[in-house]
Amino acid sequence: MRKRLKDCLIAAAVALVLTIPMALGALYRPDLAASDALYQTREAQDGNVVIVGIDERAFEELGPISDWGRDLYAVAIESLNESEDCRPAAIALDVIFGGETEEELDEYLAEAAGEYGNVITACAGYIGTELLEQGENEYSLNTFAWTDCETAYDLLREQSIPAHINVMLDTDGFLRHHLLKITLSDGTEIPSIALAAANLYREYHGQEAITLPPTDARGFWYLPYIGIPGDYDGYISLADVITGEIPAEEFAGKIVYIGPYALGLQDEYFTSIDHGQKMFGVEIHANATDALLKGEFKKEITKTVQVILLFLISFLAFLGFWRRRVRTAVPLWIGLTGGWVLLAKAAYAAGFVLHVLWIPVSVTILFVACIAINYIQEARERHKVTNTFKRYVDPSVIQELLKQGSDSINLGGQLCDIAVLFVDIRGFTTMSEVLPASEVVKILNQYLTLTTKCVMDNHGTLDKFVGDCTMAIWNAPLEQEDYVMNACKAAMAMVEGSKPLAEKLQKEFGRTVSFGVGVNVGPAVVGNIGAPMRMDYTAIGDTVNTAARLEANAPAGTVYISRAVADVLGDRIRTTSLGDSIKLKGKAEGFEVLKLEEIIQ
């Protein structure tokens with residue numbers, strides 16, 4: 001429980017460390033770029049909007065734009081409104097006709113605009129600061145106030161529907177939002193040219209007014225583009241309208257935008273649907289109009305909600321990656337990153353805009369960091385386990401311990417059933433008294449080498465050496481199959497191995513050795529016992545003491561076992577019962593001792 005709480009606290013701290021930079025804009029530009037690539041896709045147009053471009057062809061056929069009079073636009077309006085049957089639903093002039101020029105031409109354009117009631121003229125608002133009265137002697141400064149507006153000259157403004165053409169780029173230089181309307185200081189509301197055109201279209205076709213999209217505090221709404229620059233199939237040169245090349249019937253019931261469509265007119269912007277090519281302003285307005293008519297608006301989830309989501313997912317991702325192996329962590333990483341992208345796409349289709357990169361980047365950072373830390377910790381654990389057991393545990397047992405990690409070798413023990421073997425040299429004390437110390441050490445080393453090999457070959461754990469005595473255990477630190485048989489096999493191998501060793505030592509030192517072995521099975525406390533600065537992996541308990549007593553009473557070249565060992569192995573071994581003729585220290589009357597004669601299978 002304490003360990004889990006600690007992991008949760010670490011996860012919360014790490015998630016917070018990742019969340020704060022994201023919330024402060026660390027991924028601002030890459031995230032916007034990724035969002036644009038995922039969300040903004042080309043769609044089929046329904047043909048309700050037609051663009052009449054003031055383009056290069058118009059300059060070639062009608063002369064330089066600087067020489068155009070306002071009567072030219074009046075002619076275009078009249079051509080489009082040729083008859084009631086072919087009248088457009090709206091004609092939006094994406095040109096600001098500021099100030100007065102020639103009176104006759106000004107009146108001509110105003111009359112043409114007022115006669116049909118479907119002409120929208122452009123205006124542009126200006127942003128400044130405004131002092132707002134909050135209460136008695138309380139004021140606040142509004143730094144985003146529409147303080148003024150450049151409109152068409154008075155006569156034209158009175159005969160048409162004024163609408164703003166303001167476009168504002170995001171701070172990364174791309175246009176993702178559209179300003180629905182502006183409210184001047186005197187309370188006058190001016191709709192965007194797209195909103196005005198869409199409402200005229202609905203009115204013309206006897207439909208309800210446009211349902212307004214969700215906007216932010218400043219009146220901007222997320223613009224889902226219909227197509228990339230140049231995608232509008234209904235594009236027509238203004239020259240064709242003026243000369244009558246295009247029949248007026250082509251515009252019946254539609255929205256007609258007339259605006260700059262040439263590079264030199266400096267009315268083009270980078271948009272979220274295409275970062276490599278600029279889109280003309282008139283086409284941006286056309287996209288906004290189509291989006292308003294479709295009514296499939298997108299709501300950007302608030303930053304607060306997305307920050308909370310980022311923190312929670314990062315918190316859970318850390319717990320998922322922490323202390324996990326790569327084969328477990330990789331599917332989780334793929335699921336979280338890929339799943340979030342799919343979720344973001346599905347949310348967009350449902351009308352919600354999420355940050356695309358926040359979660360994948362955060363999860364990827366956590367994945368890489370946790371895998372690296374896990375690798376380092378695992379390497380340290382492997383080193384710890386190897387150093388702890390390499391000198392007295394069979395290598396195959398070490399490999400199993402490495403899979404479990406270092407928790408299995410912490411200070412402390414557990415009760416489990418084990419087989420215990422004790423073996424020592426008969427007559428060692430007498431031999432050590434008559435031989436030089438150097439020869440005694442050589443004999444002892446060869447003996448210990450033999451006993452160690454027998455233990456390791458039979459998958460035992462070498463517990464300790466005490467002088468000429470060797471102690472070994474089975475079924476710890478890991479559970480083993482047939483561990484009692486393995487202990488008996490090791491005992492018999494020691495007895496058999498002592499014969500050639502005795503001959504060798506007789507030749508070298510004029511002395512020989514033989515072994516007495518005791519084997520017992522039963523419950524014991526097994527683990528790292530001692531102090532943190534010095535601990536030994538060992539077993540303690542009556543089972544261990546009994547095995548030591550059996551070995552102490554076993555004659556040279558003999559293996560004594562308990563009835564418990566014989567009962568486990570049954571007819572797999574051949575034994576001779578000594579009854580209770582052998583009195584073991586600390587054991588009550590009736591304790592049966594058996595001599596292990598042969599291992600049958």
# chains A, B, ... in the order shown; residues from 1 in each chain; ligands from 1
$ residues_around --residues "stretch 149-166 of chain A" --least-positions-apart "6" --cutoff "7 Å" --atoms "only C-alpha atoms" --output "list of chain:residue names"
A:Ile96, A:Phe97, A:Gly98, A:Gly99, A:Glu100, A:Ala110, A:Ala113, A:Gly114, A:Gly117, A:Val119, A:Ile120, A:Thr121, A:Ala122, A:Cys123, A:Ala124, A:Gly125, A:Tyr126, A:Ile190, A:Pro191, A:Ser192, A:Ile193, A:Ala196
$ residues_around --residues "stretch 210-225 of chain A" --least-positions-apart "4" --cutoff "8 Å" --atoms "only C-alpha atoms" --output "PyMOL selection string"
chain A and resi 40-42+144+176-182+195+198-199+202+273+287-288+291-293+295+297-300
$ atom_distance --atom1 "atom CA of A:Leu421" --atom2 "atom CA of A:Gly510"
28.9 Å
$ atom_distance --atom1 "atom CA of A:Trp358" --atom2 "atom CA of A:Ala15"
12.1 Å
$ residues_around --residues "stretch 57-61 of chain A" --least-positions-apart "5" --cutoff "9 Å" --atoms "only C-alpha atoms" --output "ChimeraX atom specification"
/A:237-240
$ write_last_selection --atoms "N, CA and C atoms" --output "tab-separated table (two decimals), in the first residue's frame"
chain	number	residue	atom	x	y	z
A	237	SER	N	-14.18	35.07	-63.80
A	237	SER	CA	-13.51	36.36	-63.91
A	237	SER	C	-14.56	37.47	-64.01
A	238	LEU	N	-14.26	38.59	-63.37
A	238	LEU	CA	-15.16	39.74	-63.45
A	238	LEU	C	-15.37	40.18	-64.90
A	239	ALA	N	-14.35	39.95	-65.72
A	239	ALA	CA	-14.45	40.34	-67.14
A	239	ALA	C	-15.61	39.62	-67.82
A	240	ASP	N	-15.83	38.34	-67.47
A	240	ASP	CA	-16.91	37.57	-68.09
A	240	ASP	C	-18.28	38.06	-67.66
$ decode --residues "stretch 334-357 of chain A" --atoms "N, CA, C and O atoms" --output "mmCIF file, in the first residue's frame"
data_model
loop_
_atom_site.group_PDB
_atom_site.id
_atom_site.type_symbol
_atom_site.label_atom_id
_atom_site.label_comp_id
_atom_site.auth_asym_id
_atom_site.auth_seq_id
_atom_site.Cartn_x
_atom_site.Cartn_y
_atom_site.Cartn_z
ATOM 1 N N ILE A 334 1.377 2.631 -27.797
ATOM 2 C CA ILE A 334 0.691 2.701 -29.092
ATOM 3 C C ILE A 334 -0.790 2.961 -28.891
ATOM 4 O O ILE A 334 -1.404 3.769 -29.602
ATOM 5 N N GLY A 335 -1.372 2.278 -27.908
ATOM 6 C CA GLY A 335 -2.798 2.457 -27.657
ATOM 7 C C GLY A 335 -3.151 3.866 -27.224
ATOM 8 O O GLY A 335 -4.150 4.437 -27.676
ATOM 9 N N LEU A 336 -2.321 4.446 -26.349
ATOM 10 C CA LEU A 336 -2.610 5.796 -25.848
ATOM 11 C C LEU A 336 -2.398 6.860 -26.924
ATOM 12 O O LEU A 336 -3.237 7.749 -27.098
ATOM 13 N N THR A 337 -1.276 6.777 -27.636
ATOM 14 C CA THR A 337 -0.998 7.804 -28.648
ATOM 15 C C THR A 337 -1.925 7.665 -29.846
ATOM 16 O O THR A 337 -2.556 8.635 -30.274
ATOM 17 N N GLY A 338 -1.998 6.442 -30.390
ATOM 18 C CA GLY A 338 -2.880 6.234 -31.534
ATOM 19 C C GLY A 338 -4.334 6.424 -31.169
ATOM 20 O O GLY A 338 -5.114 7.011 -31.938
ATOM 21 N N GLY A 339 -4.707 5.948 -29.973
ATOM 22 C CA GLY A 339 -6.090 6.103 -29.531
ATOM 23 C C GLY A 339 -6.488 7.554 -29.366
ATOM 24 O O GLY A 339 -7.618 7.943 -29.692
ATOM 25 N N TRP A 340 -5.548 8.383 -28.875
ATOM 26 C CA TRP A 340 -5.879 9.801 -28.713
ATOM 27 C C TRP A 340 -6.091 10.469 -30.066
ATOM 28 O O TRP A 340 -7.011 11.286 -30.219
ATOM 29 N N VAL A 341 -5.250 10.162 -31.037
ATOM 30 C CA VAL A 341 -5.417 10.763 -32.375
ATOM 31 C C VAL A 341 -6.770 10.365 -32.959
ATOM 32 O O VAL A 341 -7.486 11.208 -33.524
ATOM 33 N N LEU A 342 -7.136 9.095 -32.811
ATOM 34 C CA LEU A 342 -8.439 8.640 -33.315
ATOM 35 C C LEU A 342 -9.577 9.322 -32.553
ATOM 36 O O LEU A 342 -10.595 9.704 -33.155
ATOM 37 N N LEU A 343 -9.395 9.470 -31.243
ATOM 38 C CA LEU A 343 -10.408 10.147 -30.439
ATOM 39 C C LEU A 343 -10.552 11.606 -30.859
ATOM 40 O O LEU A 343 -11.674 12.132 -30.961
ATOM 41 N N ALA A 344 -9.415 12.271 -31.104
ATOM 42 C CA ALA A 344 -9.450 13.672 -31.522
ATOM 43 C C ALA A 344 -10.184 13.820 -32.856
ATOM 44 O O ALA A 344 -10.980 14.752 -33.056
ATOM 45 N N LYS A 345 -9.921 12.891 -33.772
ATOM 46 C CA LYS A 345 -10.596 12.928 -35.073
ATOM 47 C C LYS A 345 -12.096 12.692 -34.917
ATOM 48 O O LYS A 345 -12.915 13.375 -35.542
ATOM 49 N N ALA A 346 -12.453 11.733 -34.077
ATOM 50 C CA ALA A 346 -13.866 11.450 -33.844
ATOM 51 C C ALA A 346 -14.548 12.626 -33.147
ATOM 52 O O ALA A 346 -15.697 12.975 -33.468
ATOM 53 N N ALA A 347 -13.845 13.250 -32.202
ATOM 54 C CA ALA A 347 -14.396 14.407 -31.502
ATOM 55 C C ALA A 347 -14.618 15.566 -32.478
ATOM 56 O O ALA A 347 -15.630 16.276 -32.392
ATOM 57 N N TYR A 348 -13.686 15.738 -33.402
ATOM 58 C CA TYR A 348 -13.839 16.807 -34.398
ATOM 59 C C TYR A 348 -15.078 16.558 -35.253
ATOM 60 O O TYR A 348 -15.846 17.493 -35.545
ATOM 61 N N ALA A 349 -15.277 15.304 -35.666
ATOM 62 C CA ALA A 349 -16.463 14.973 -36.463
ATOM 63 C C ALA A 349 -17.743 15.250 -35.680
ATOM 64 O O ALA A 349 -18.782 15.586 -36.261
ATOM 65 N N ALA A 350 -17.649 15.107 -34.343
ATOM 66 C CA ALA A 350 -18.807 15.362 -33.494
ATOM 67 C C ALA A 350 -18.946 16.840 -33.131
ATOM 68 O O ALA A 350 -19.915 17.217 -32.462
ATOM 69 N N GLY A 351 -17.971 17.658 -33.541
ATOM 70 C CA GLY A 351 -18.080 19.093 -33.323
ATOM 71 C C GLY A 351 -17.203 19.660 -32.233
ATOM 72 O O GLY A 351 -17.424 20.792 -31.789
ATOM 73 N N PHE A 352 -16.171 18.913 -31.817
ATOM 74 C CA PHE A 352 -15.303 19.396 -30.740
ATOM 75 C C PHE A 352 -13.843 19.363 -31.198
ATOM 76 O O PHE A 352 -13.409 18.415 -31.849
ATOM 77 N N VAL A 353 -13.106 20.399 -30.819
ATOM 78 C CA VAL A 353 -11.704 20.531 -31.223
ATOM 79 C C VAL A 353 -10.812 20.300 -30.011
ATOM 80 O O VAL A 353 -10.913 21.012 -29.003
ATOM 81 N N LEU A 354 -9.953 19.290 -30.119
ATOM 82 C CA LEU A 354 -8.995 18.958 -29.061
ATOM 83 C C LEU A 354 -7.571 19.211 -29.548
ATOM 84 O O LEU A 354 -7.309 19.175 -30.746
ATOM 85 N N HIS A 355 -6.667 19.424 -28.605
ATOM 86 C CA HIS A 355 -5.249 19.514 -28.959
ATOM 87 C C HIS A 355 -4.775 18.129 -29.413
ATOM 88 O O HIS A 355 -4.929 17.150 -28.685
ATOM 89 N N VAL A 356 -4.173 18.049 -30.568
ATOM 90 C CA VAL A 356 -3.779 16.757 -31.129
ATOM 91 C C VAL A 356 -2.491 16.236 -30.497
ATOM 92 O O VAL A 356 -2.360 15.043 -30.211
ATOM 93 N N LEU A 357 -1.528 17.112 -30.250
ATOM 94 C CA LEU A 357 -0.197 16.653 -29.835
ATOM 95 C C LEU A 357 0.016 16.573 -28.331
ATOM 96 O O LEU A 357 0.939 15.890 -27.880
#
